[in-house]
Amino acid sequence: KRALRFMLDGAPWYGRPVLAVIFSQVRRVMIEAMNINPDSARAAEERLLAALEMLDNALQDRRFLVGHQFSRADLTACALLSPWVLPSEAEAASNFPKPACALRDQHKARPFFGWVRDIYKDYRQPARAVARAAA
């Protein structure tokens, strides 16, 4: 259901009936083409955890990844992590598969998780950034 919702977001009216007919084949081909299996999923999770560890280490004694002000590096890291970090608990539970929710729950106390939320809170809303700069 989640995959269909994602694939049909913004699709034309005929997308739902067409995809309903071909979805099982599309799913099979995508799984094969992307080499999605338990081993590749474990390897991907290991790479993600290594990257998150590097991010936590980079943020140990500073607010920004590069220099002393918000940069493209911060923007990129936050943009990549925001779909996983920013949804509320209810949104995550309804939109993510259970294993993804469990992984999210295991890591939400880590420094990167709060950092992404703080960066979005401080820099995503231009009015706050302008007010802070004027102060």
# chains A, B, ... in the order shown; residues from 1 in each chain; ligands from 1
>>> residues_around(residues="range 68-76 of chain A", least_positions_apart="6", cutoff="10 Å", atoms="only C-alpha atoms", output="PDB file with C-alpha atoms, in the first residue's frame")
ATOM      1  CA  ARG A  62      30.438  21.766  16.823  1.00  0.00           C
ATOM      2  CA  SER A  82      14.705  14.638   7.090  1.00  0.00           C
ATOM      3  CA  TRP A 115      20.728  18.007  15.145  1.00  0.00           C
ATOM      4  CA  VAL A 116      18.552  17.526  12.051  1.00  0.00           C
ATOM      5  CA  ILE A 119      18.697  22.711  11.951  1.00  0.00           C
ATOM      6  CA  TYR A 120      15.218  22.524  10.430  1.00  0.00           C
ATOM      7  CA  TYR A 123      17.000  27.434   9.329  1.00  0.00           C
ATOM      8  CA  ARG A 124      13.960  26.090   7.543  1.00  0.00           C
TER       9      ARG A 124
END
>>> select_by_dssp(residues="chain A", states="alpha helix (DSSP H)", output="PyMOL selection string")
chain A and resi 2-8+15-33+38-58+72-85+89-95+98-107+111-123+126-134
>>> closest_atom_pairs(of="range 26-87 of chain A", to="range 94-102 of chain A", cutoff="12 Å", atoms="only C-alpha atoms", output="tab-separated table")
residue	atom	partner	partner_atom	distance
A:Ala41	CA	A:Pro99	CA	10.9
A:Arg42	CA	A:Pro99	CA	11.6
A:Glu45	CA	A:Ala100	CA	10.1
A:Pro83	CA	A:Phe96	CA	10.2
A:Trp84	CA	A:Ala100	CA	8.8
A:Val85	CA	A:Cys101	CA	10.5
A:Pro87	CA	A:Asn95	CA	9.1
>>> write_last_selection(atoms="N, CA and C atoms", output="compact mmCIF listing (two decimals), in the first residue's frame")
# COMPACT_ATOMS: atom_id res chain seq x y z
N ALA A 41 19.88 -5.80 2.17
CA ALA A 41 19.26 -4.94 3.19
C ALA A 41 20.17 -4.81 4.40
N ARG A 42 20.76 -5.91 4.84
CA ARG A 42 21.70 -5.86 5.98
C ARG A 42 22.92 -5.00 5.64
N GLU A 45 21.93 -1.38 5.72
CA GLU A 45 21.79 -0.91 7.11
C GLU A 45 23.16 -0.68 7.74
N PRO A 83 13.45 12.94 5.79
CA PRO A 83 12.29 12.04 5.66
C PRO A 83 12.24 10.98 6.76
N TRP A 84 13.36 10.67 7.34
CA TRP A 84 13.44 9.65 8.39
C TRP A 84 13.31 10.28 9.77
N VAL A 85 13.84 11.49 9.94
CA VAL A 85 13.90 12.13 11.26
C VAL A 85 12.66 12.98 11.56
N PRO A 87 9.30 13.18 10.53
CA PRO A 87 7.90 12.80 10.79
C PRO A 87 7.64 12.53 12.27
>>> atom_distance(atom1="CA of Ala79 in chain A", atom2="CA of Leu19 in chain A")
29.2 Å
>>> atom_distance(atom1="CA of Phe113 in chain A", atom2="CA of Leu81 in chain A")
8.4 Å
>>> atom_distance(atom1="CA of Leu86 in chain A", atom2="CA of His107 in chain A")
13.0 Å
>>> closest_residue(among="A:Ala93, A:Leu52, A:Arg47, A:Pro111", to="Arg2 in chain A", atoms="only C-alpha atoms")
A:Ala93
>>> decode(residues="range 83-94 of chain A", atoms="N, CA and C atoms", output="PDB file, in the first residue's frame")
ATOM      1  N   PRO A  83      13.447  12.936   5.787  1.00  0.00           N
ATOM      2  CA  PRO A  83      12.288  12.041   5.659  1.00  0.00           C
ATOM      3  C   PRO A  83      12.238  10.983   6.758  1.00  0.00           C
ATOM      4  N   TRP A  84      13.364  10.670   7.338  1.00  0.00           N
ATOM      5  CA  TRP A  84      13.439   9.655   8.387  1.00  0.00           C
ATOM      6  C   TRP A  84      13.305  10.278   9.771  1.00  0.00           C
ATOM      7  N   VAL A  85      13.839  11.494   9.939  1.00  0.00           N
ATOM      8  CA  VAL A  85      13.896  12.129  11.257  1.00  0.00           C
ATOM      9  C   VAL A  85      12.665  12.977  11.565  1.00  0.00           C
ATOM     10  N   LEU A  86      12.177  13.742  10.607  1.00  0.00           N
ATOM     11  CA  LEU A  86      11.167  14.752  10.898  1.00  0.00           C
ATOM     12  C   LEU A  86       9.745  14.256  11.133  1.00  0.00           C
ATOM     13  N   PRO A  87       9.299  13.181  10.534  1.00  0.00           N
ATOM     14  CA  PRO A  87       7.898  12.802  10.786  1.00  0.00           C
ATOM     15  C   PRO A  87       7.637  12.533  12.266  1.00  0.00           C
ATOM     16  N   SER A  88       6.404  12.855  12.690  1.00  0.00           N
ATOM     17  CA  SER A  88       6.004  12.545  14.062  1.00  0.00           C
ATOM     18  C   SER A  88       5.947  11.030  14.225  1.00  0.00           C
ATOM     19  N   GLU A  89       5.784  10.594  15.459  1.00  0.00           N
ATOM     20  CA  GLU A  89       5.679   9.148  15.717  1.00  0.00           C
ATOM     21  C   GLU A  89       4.509   8.550  14.937  1.00  0.00           C
ATOM     22  N   ALA A  90       3.373   9.241  14.945  1.00  0.00           N
ATOM     23  CA  ALA A  90       2.186   8.727  14.249  1.00  0.00           C
ATOM     24  C   ALA A  90       2.413   8.668  12.743  1.00  0.00           C
ATOM     25  N   GLU A  91       3.029   9.720  12.182  1.00  0.00           N
ATOM     26  CA  GLU A  91       3.315   9.724  10.741  1.00  0.00           C
ATOM     27  C   GLU A  91       4.277   8.606  10.376  1.00  0.00           C
ATOM     28  N   ALA A  92       5.297   8.429  11.181  1.00  0.00           N
ATOM     29  CA  ALA A  92       6.272   7.372  10.905  1.00  0.00           C
ATOM     30  C   ALA A  92       5.604   6.005  10.966  1.00  0.00           C
ATOM     31  N   ALA A  93       4.769   5.790  11.969  1.00  0.00           N
ATOM     32  CA  ALA A  93       4.099   4.490  12.119  1.00  0.00           C
ATOM     33  C   ALA A  93       3.180   4.191  10.943  1.00  0.00           C
ATOM     34  N   SER A  94       2.552   5.215  10.387  1.00  0.00           N
ATOM     35  CA  SER A  94       1.633   4.960   9.275  1.00  0.00           C
ATOM     36  C   SER A  94       2.332   4.926   7.918  1.00  0.00           C
TER      37      SER A  94
END
